[in-house]
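Asker: One structure, pasted below without further comment.
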Amino acid sequence: QYLRFRTPRKRSSSEQKSDMRRAELWTRILGSDRDPHKISLAEWETFIDRRLSGAINARGLPVAEVDRRPVGPRTVETNCLWLKWVFSWAARWQTAQGSYLMRENPLRGFETPRELNPQRSVASQDRYEATRVVSDRVMMETRFGGRKREQRSYLSELLDLANGTGHRLSAICSLTFENLRLGEGPYGSIHWPSDTDKVGYEATVPVSPLVRAALDRIVKERPGIGAAPLFPSPGDPRKPMTRHLADKWLRKGEKLAGLEPLRGTLWHSYRRKWATERKHMPDVDVALAGGWKNTVSLKTSYQQADAETTLRVVLSAGELREAQ
């Protein structure tokens with residue numbers, strides 16, 4: 001029922017695919033005919049232990065001991081939280097007869113594994129500048145009108161927008177010419193529509209001079225109108241490019257710049273950079289400008305501690321004295 005009614009409402013195809021995979025995982029672990037109200041804490045903890053050790057894979061299939069690789073707590077946590085969410089939804093979902101799919105969430109109070117020191121790599125301004133110097137050298141092959149030709153990729157503009165707007169790569173790749181509001185604000189604005197955003201965020205946000213220069217370059221080199229994508233697929237100009245291609249270009253750019261890859265991240269490191277650089281600004285405004293629906297995720301997952309700010313905290317405190 002969850003896959004039938006809730007999953008289609010999720011905007012991202014990757015989220016929908018993840019739902020299918022996790023449904024397969026839990027069905028295999030618990031059994032398709034199992035009464036979910038009777039799931040025990042022992043079963044829950046056994047699953048966590050086996051998944052963490054690599055004894056079972058992402059689809060719940062056993063893994064031979066020689067092939068086992070430990071799995072990070074964050075991966076197991078997402079699987080556990082997903083099942084909790086499904087049961088919480090089922091306890092609120094009424095059938096045509098007026099009854100609820102479940103009486104209660106049997107996993108309420110069950111602990112999930114947590115990553116104590118999650119690695120969330122942050123790009124630096126030096127990294128951006130080094131990659132940007134060589135980004136025009138990353139090429140692509142287009143196949144417009146049945147003709148193939150090699151030309152400069154969109155990496156330069158993608159970097160400028162990621163570094164200058166703080167938005168997710170998927171939202172940037174999905175921008176169209178009708179999203180541009182070049183006459184609004186001192187340097188123009190971008191309308192970020194909800195239908196291309198992972199969390200359904202929508203707002204019109206002013207842009208910086210750096211971003212405006214990137215937009216002007218796009219308009220000059222490949223002008224378009226309406227729903228035409230700012231970053232068309234090299235194989236079909238009617239469709240936006242994929243984030244996977246952008247990942248490939250960024251890896252090439254970083255290699256040309258002689259940079260070591262950041263651990264576990266590519267474009268998202270620029271979103272964390274953008275948020276971290278604005279820690280001294282009001283949270284609600286940073287969230288609105290960067291595409292966060294609330295400030296909780298912004299502060300817990302994106303804004304990172306840095307040496308300069310930490311030193312300022314130590315040296316710049318006032319003195320609390322008794323009232324006179």
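Each chain of the structure tokens is named A, B, ... in the order shown, its residues numbered from 1; ligands are numbered from 1 in display order.
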Find the residues around stretch 208-212 of chain A up to 12 Å (only C-alpha atoms counted), leave out those fewer than 4 positions away in its own chain, and share them as a count of residues only.
Answerer: 28
Asker: Identify, with DSSP run on backbone atoms, the residues in stretch 1-172 of chain A assigned to helix (DSSP H, G or I), and express the list as a PyMOL selection string.
Answerer: chain A and resi 2-5+7-9+13-30+36-38+41-53+65-67+73-90+125-137+155-165+169-172
Asker: Can you tell me, as a compact mmCIF listing (two decimals) with N, CA and C atoms, in the first residue's frame, what residues are no more than 10 Å from A:Met140 when counting only C-alpha atoms, ignoring any on the same chain fewer than 6 positions away?
Answerer:
# COMPACT_ATOMS: atom_id res chain seq x y z
N ARG A 149 29.92 16.93 -32.91
CA ARG A 149 31.06 17.84 -32.83
C ARG A 149 31.49 17.99 -31.37
N GLU A 150 32.76 18.25 -31.19
CA GLU A 150 33.31 18.41 -29.84
C GLU A 150 33.32 19.88 -29.47
N GLN A 151 32.90 20.19 -28.28
CA GLN A 151 32.89 21.58 -27.83
C GLN A 151 33.07 21.64 -26.32
N ARG A 152 33.23 22.83 -25.83
CA ARG A 152 33.40 23.02 -24.39
C ARG A 152 32.17 22.52 -23.63
N SER A 153 32.39 21.84 -22.53
CA SER A 153 31.28 21.36 -21.71
C SER A 153 30.67 22.52 -20.92
N TYR A 154 29.65 22.22 -20.14
CA TYR A 154 29.00 23.24 -19.32
C TYR A 154 29.61 23.32 -17.92
N LEU A 155 30.75 22.67 -17.70
CA LEU A 155 31.30 22.58 -16.35
C LEU A 155 31.53 23.95 -15.72
N PRO A 234 23.70 16.70 -24.21
CA PRO A 234 24.50 16.70 -25.44
C PRO A 234 23.89 15.86 -26.55
N LEU A 245 26.35 13.03 -15.74
CA LEU A 245 27.29 13.62 -16.69
C LEU A 245 28.06 14.76 -16.02
N TRP A 249 32.14 15.27 -15.52
CA TRP A 249 32.90 16.46 -15.88
C TRP A 249 33.68 17.01 -14.69
Asker: Within 12 Å of A:Arg243, counting only C-alpha atoms, which residues show up once you throw out same-chain ones fewer than 2 positions away? Write them as a PyMOL selection string, please.
Answerer: chain A and resi 14+154-155+158+168-174+231-233+240-241+245-250+266-268
Asker: Which is closest to A:Met139 among A:Leu101, A:Lys252, A:Pro229, A:Ile56, if we use only C-alpha atoms?
Answerer: A:Lys252
Asker: Restricting the calculation to only C-alpha atoms, which member of A:Trp292, A:Tyr302, A:Trp44, A:Trp85 is positioned closest to A:Thr276?
Answerer: A:Tyr302
Asker: Could you state the separation of atom CA of A:Arg69 and atom CA of A:Gly54 in Å, given to one decimal place?
Answerer: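 So the answer is 5.0 Å.
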Asker: Restricting the calculation to only C-alpha atoms, which member of A:Tyr100, A:Phe177, A:Trp26, A:Tyr2 is positioned closest to A:Val86?
Answerer: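 With only C-alpha atoms as the atom set, the closest residue is A:Tyr2.
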Asker: Could you list, as a list in words, every residue within 10 Å of A:Leu288, counting only C-alpha atoms and ignoring same-chain residues fewer than 3 positions away?
Answerer: Tyr201, Glu202, Ala203, Thr204, Val205, Asp283, Val284, Asp285, Gly291, Trp292, Lys293, Asn294 and Thr295 of chain A
Asker: Would you mind listing what lies within 10 Å of A:Ala123 as number ranges by chain, with only C-alpha atoms counted and same-chain residues fewer than 2 positions away left out?
Answerer: A: 120-121, 125-128, 163, 262, 265-274
Asker: Only N, CA and C atoms, please: the residues just picked out, written as a PDB file, in the first residue's frame.
Answerer:
ATOM      1  N   ARG A 120      31.485  14.811   6.259  1.00  0.00           N
ATOM      2  CA  ARG A 120      30.779  15.666   5.309  1.00  0.00           C
ATOM      3  C   ARG A 120      31.794  16.649   4.745  1.00  0.00           C
ATOM      4  N   SER A 121      32.386  16.262   3.644  1.00  0.00           N
ATOM      5  CA  SER A 121      33.459  17.069   3.061  1.00  0.00           C
ATOM      6  C   SER A 121      32.923  18.395   2.537  1.00  0.00           C
ATOM      7  N   GLN A 125      37.251  27.617  -1.225  1.00  0.00           N
ATOM      8  CA  GLN A 125      37.340  28.587  -2.311  1.00  0.00           C
ATOM      9  C   GLN A 125      38.545  28.288  -3.187  1.00  0.00           C
ATOM     10  N   ASP A 126      39.630  27.822  -2.571  1.00  0.00           N
ATOM     11  CA  ASP A 126      40.827  27.459  -3.339  1.00  0.00           C
ATOM     12  C   ASP A 126      40.520  26.312  -4.303  1.00  0.00           C
ATOM     13  N   ARG A 127      39.737  25.343  -3.848  1.00  0.00           N
ATOM     14  CA  ARG A 127      39.376  24.213  -4.701  1.00  0.00           C
ATOM     15  C   ARG A 127      38.510  24.680  -5.870  1.00  0.00           C
ATOM     16  N   TYR A 128      37.557  25.543  -5.564  1.00  0.00           N
ATOM     17  CA  TYR A 128      36.701  26.090  -6.629  1.00  0.00           C
ATOM     18  C   TYR A 128      37.546  26.820  -7.664  1.00  0.00           C
ATOM     19  N   ASN A 163      28.613  27.108  -6.848  1.00  0.00           N
ATOM     20  CA  ASN A 163      29.367  27.896  -5.887  1.00  0.00           C
ATOM     21  C   ASN A 163      28.638  29.179  -5.497  1.00  0.00           C
ATOM     22  N   LEU A 262      37.557  14.628  -3.020  1.00  0.00           N
ATOM     23  CA  LEU A 262      37.041  14.718  -1.658  1.00  0.00           C
ATOM     24  C   LEU A 262      36.368  13.400  -1.301  1.00  0.00           C
ATOM     25  N   THR A 265      32.023  12.640  -1.786  1.00  0.00           N
ATOM     26  CA  THR A 265      31.163  13.707  -2.283  1.00  0.00           C
ATOM     27  C   THR A 265      31.769  14.356  -3.517  1.00  0.00           C
ATOM     28  N   LEU A 266      30.915  14.996  -4.296  1.00  0.00           N
ATOM     29  CA  LEU A 266      31.352  15.789  -5.436  1.00  0.00           C
ATOM     30  C   LEU A 266      30.719  17.179  -5.339  1.00  0.00           C
ATOM     31  N   TRP A 267      29.570  17.328  -5.957  1.00  0.00           N
ATOM     32  CA  TRP A 267      28.912  18.631  -6.013  1.00  0.00           C
ATOM     33  C   TRP A 267      28.355  19.083  -4.662  1.00  0.00           C
ATOM     34  N   HIS A 268      27.972  18.132  -3.824  1.00  0.00           N
ATOM     35  CA  HIS A 268      27.357  18.519  -2.554  1.00  0.00           C
ATOM     36  C   HIS A 268      28.340  19.273  -1.661  1.00  0.00           C
ATOM     37  N   SER A 269      29.632  19.087  -1.902  1.00  0.00           N
ATOM     38  CA  SER A 269      30.622  19.804  -1.099  1.00  0.00           C
ATOM     39  C   SER A 269      30.526  21.313  -1.330  1.00  0.00           C
ATOM     40  N   TYR A 270      30.059  21.708  -2.520  1.00  0.00           N
ATOM     41  CA  TYR A 270      29.888  23.137  -2.799  1.00  0.00           C
ATOM     42  C   TYR A 270      28.643  23.687  -2.115  1.00  0.00           C
ATOM     43  N   ARG A 271      27.636  22.856  -1.926  1.00  0.00           N
ATOM     44  CA  ARG A 271      26.442  23.278  -1.178  1.00  0.00           C
ATOM     45  C   ARG A 271      26.810  23.502   0.294  1.00  0.00           C
ATOM     46  N   ARG A 272      27.651  22.619   0.833  1.00  0.00           N
ATOM     47  CA  ARG A 272      28.113  22.813   2.216  1.00  0.00           C
ATOM     48  C   ARG A 272      29.011  24.047   2.320  1.00  0.00           C
ATOM     49  N   LYS A 273      29.841  24.265   1.304  1.00  0.00           N
ATOM     50  CA  LYS A 273      30.695  25.464   1.284  1.00  0.00           C
ATOM     51  C   LYS A 273      29.838  26.716   1.339  1.00  0.00           C
ATOM     52  N   TRP A 274      28.833  26.776   0.505  1.00  0.00           N
ATOM     53  CA  TRP A 274      27.963  27.952   0.429  1.00  0.00           C
ATOM     54  C   TRP A 274      27.294  28.215   1.769  1.00  0.00           C
TER      55      TRP A 274
END
Asker: Using DSSP on the backbone coordinates, identify all residues within stretch 27-215 of chain A classified as strand (DSSP E); present the result as a PyMOL selection string.
Answerer: chain A and resi 139-144+147-152+180-181+189-192+203-206
Asker: Compile the contact shell of A:Asn179 as a ChimeraX atom specification: residues with an atom at most 9 Å away, counting only C-alpha atoms, same-chain residues fewer than 3 positions apart removed.
Answerer: /A:175-176,189-193,204,226-227
Asker: Looking at A:Pro106, A:Ala287, A:Glu15, A:Gly145, which one is nearest to A:Arg238, with distances taken over only C-alpha atoms?
Answerer: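 With only C-alpha atoms as the atom set, the closest residue is A:Gly145.
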